[in-house]
Amino acid sequence: MRRKVKLENIFYKKDGVIVNFQFKTTNTKTGDLVQNYFIPEAWIQTDKSIDELDDKAVCFDCKHGQSDEATCYVRDKFKSRGLKSKIRGLRDRGLDSIPELDQSIEDTLLEQIELWGKGVRFGAYGEPILLGEDLVEKISKRTKYWTGYTHQWHKNPW
């Protein structure tokens, strides 16, 4: 029997977006939840500061997005340090090192959610609808509890 190892991060690509589930966090406001991020692949393929980059690919028509009012609390100066660090790390790794979503990655993700035994925060950055209804349902059934918000609630009935 193989010993199950706790992973600190799972990354995969899907439809031009990098999806990250971060199992360790120092976020004192949300507590010890699995954090879920969505990052446009285009952000990894440039050396521009994220302050200059459009976020419509992961935030859609959110009025707080960089393309509109730019009032998103995640991209606030101090709070954006973690997001900027994540982008730097992904740029160092390179886009080719991040696999496309497949059944093996999904199985590992669901196993890790059960193994860590925490709650999940859908959409620490970006729209959780990018996960798709099927995966959100599978994760929700395996986690102790979950939290999240979407600005797309009126466009996606699930």
# chains A, B, ... in the order shown; residues from 1 in each chain; ligands from 1

$ residues_around --residues "Phe23 (chain A)" --least-positions-apart "3" --cutoff "12 Å" --atoms "only C-alpha atoms" --output "list in words"
Lys6, Leu7, Glu8, Asn9, Ile10, Phe11, Asn20, Thr26, Asn27, Gly31, Asp32, Leu33, Val34, Gln35, Asn36, Tyr37, Leu109, Gln112, Ile113, Glu114, Leu115, Trp116, Gly117, Lys118, Gly119, Val120 and Arg121 of chain A

$ write_last_selection --atoms "C-alpha atoms" --output "PDB file, in the first residue's frame"
ATOM      1  CA  LYS A   6       0.252  15.780   1.314  1.00  0.00           C
ATOM      2  CA  LEU A   7       0.905  18.175  -1.569  1.00  0.00           C
ATOM      3  CA  GLU A   8       1.101  21.909  -0.899  1.00  0.00           C
ATOM      4  CA  ASN A   9      -0.060  22.979  -4.378  1.00  0.00           C
ATOM      5  CA  ILE A  10      -1.767  21.495  -7.390  1.00  0.00           C
ATOM      6  CA  PHE A  11      -1.528  23.357 -10.684  1.00  0.00           C
ATOM      7  CA  ASN A  20      -4.146  26.424  -8.589  1.00  0.00           C
ATOM      8  CA  THR A  26      -1.087  32.107   6.004  1.00  0.00           C
ATOM      9  CA  ASN A  27      -4.333  33.955   5.283  1.00  0.00           C
ATOM     10  CA  GLY A  31      -8.379  30.774   8.131  1.00  0.00           C
ATOM     11  CA  ASP A  32      -6.835  27.482   7.147  1.00  0.00           C
ATOM     12  CA  LEU A  33      -8.782  26.813   3.957  1.00  0.00           C
ATOM     13  CA  VAL A  34      -7.603  25.337   0.671  1.00  0.00           C
ATOM     14  CA  GLN A  35      -7.305  28.448  -1.515  1.00  0.00           C
ATOM     15  CA  ASN A  36      -8.271  28.266  -5.203  1.00  0.00           C
ATOM     16  CA  TYR A  37      -6.728  30.662  -7.772  1.00  0.00           C
ATOM     17  CA  LEU A 109      -6.951  16.868  -6.366  1.00  0.00           C
ATOM     18  CA  GLN A 112      -5.684  15.729  -1.487  1.00  0.00           C
ATOM     19  CA  ILE A 113      -8.846  17.567  -0.461  1.00  0.00           C
ATOM     20  CA  GLU A 114      -9.888  14.536   1.585  1.00  0.00           C
ATOM     21  CA  LEU A 115      -6.359  13.982   2.919  1.00  0.00           C
ATOM     22  CA  TRP A 116      -5.935  17.556   4.183  1.00  0.00           C
ATOM     23  CA  GLY A 117      -9.427  17.514   5.718  1.00  0.00           C
ATOM     24  CA  LYS A 118      -9.984  21.257   5.406  1.00  0.00           C
ATOM     25  CA  GLY A 119     -12.565  23.536   3.936  1.00  0.00           C
ATOM     26  CA  VAL A 120     -12.169  24.966   0.432  1.00  0.00           C
ATOM     27  CA  ARG A 121     -12.329  28.594  -0.649  1.00  0.00           C
TER      28      ARG A 121
END

$ residues_around --residues "Trp43 (chain A)" --least-positions-apart "5" --cutoff "9 Å" --atoms "only C-alpha atoms" --output "PyMOL selection string"
chain A and resi 48-50+53-54+87+91

$ select_by_dssp --residues "chain A" --states "strand (DSSP E)" --output "ChimeraX atom specification"
/A:9-14,17-22,34-40,120-125,146-148

$ select_by_dssp --residues "chain A" --states "helix (DSSP H, G or I)" --output "PyMOL selection string"
chain A and resi 41-44+50-52+56-59+73-75+81-93+95-97+103-116+128-131+133-142

$ closest_residue --among "A:Leu135, A:Cys62, A:Ile129, A:Leu95" --to "Gly16 (chain A)" --atoms "only C-alpha atoms"
A:Leu95

$ closest_residue --among "A:Val5, A:Leu90, A:Ala124, A:Thr28" --to "Asp47 (chain A)" --atoms "only C-alpha atoms"
A:Leu90

$ atom_distance --atom1 "CA of Phe21 (chain A)" --atom2 "CA of Lys141 (chain A)"
16.3 Å

$ residues_around --residues "region 56-58 of chain A" --least-positions-apart "2" --cutoff "6 Å" --atoms "only C-alpha atoms" --output "list in words"
Asp54, Phe60, Gly126 and Glu127 of chain A

$ write_last_selection --atoms "C-alpha atoms" --output "mmCIF file, in the first residue's frame"
data_model
loop_
_atom_site.group_PDB
_atom_site.id
_atom_site.type_symbol
_atom_site.label_atom_id
_atom_site.label_comp_id
_atom_site.auth_asym_id
_atom_site.auth_seq_id
_atom_site.Cartn_x
_atom_site.Cartn_y
_atom_site.Cartn_z
ATOM 1 C CA ASP A 54 -6.017 42.542 -17.935
ATOM 2 C CA PHE A 60 -15.048 38.219 -16.676
ATOM 3 C CA GLY A 126 -10.836 34.595 -10.247
ATOM 4 C CA GLU A 127 -14.199 33.071 -11.039
#

$ atom_distance --atom1 "CA of Phe122 (chain A)" --atom2 "CA of Gly148 (chain A)"
4.6 Å

$ atom_distance --atom1 "CA of Cys59 (chain A)" --atom2 "CA of Arg81 (chain A)"
18.6 Å

$ closest_residue --among "A:Leu130, A:Leu110, A:Val136, A:Ile98" --to "Tyr12 (chain A)" --atoms "only C-alpha atoms"
A:Ile98
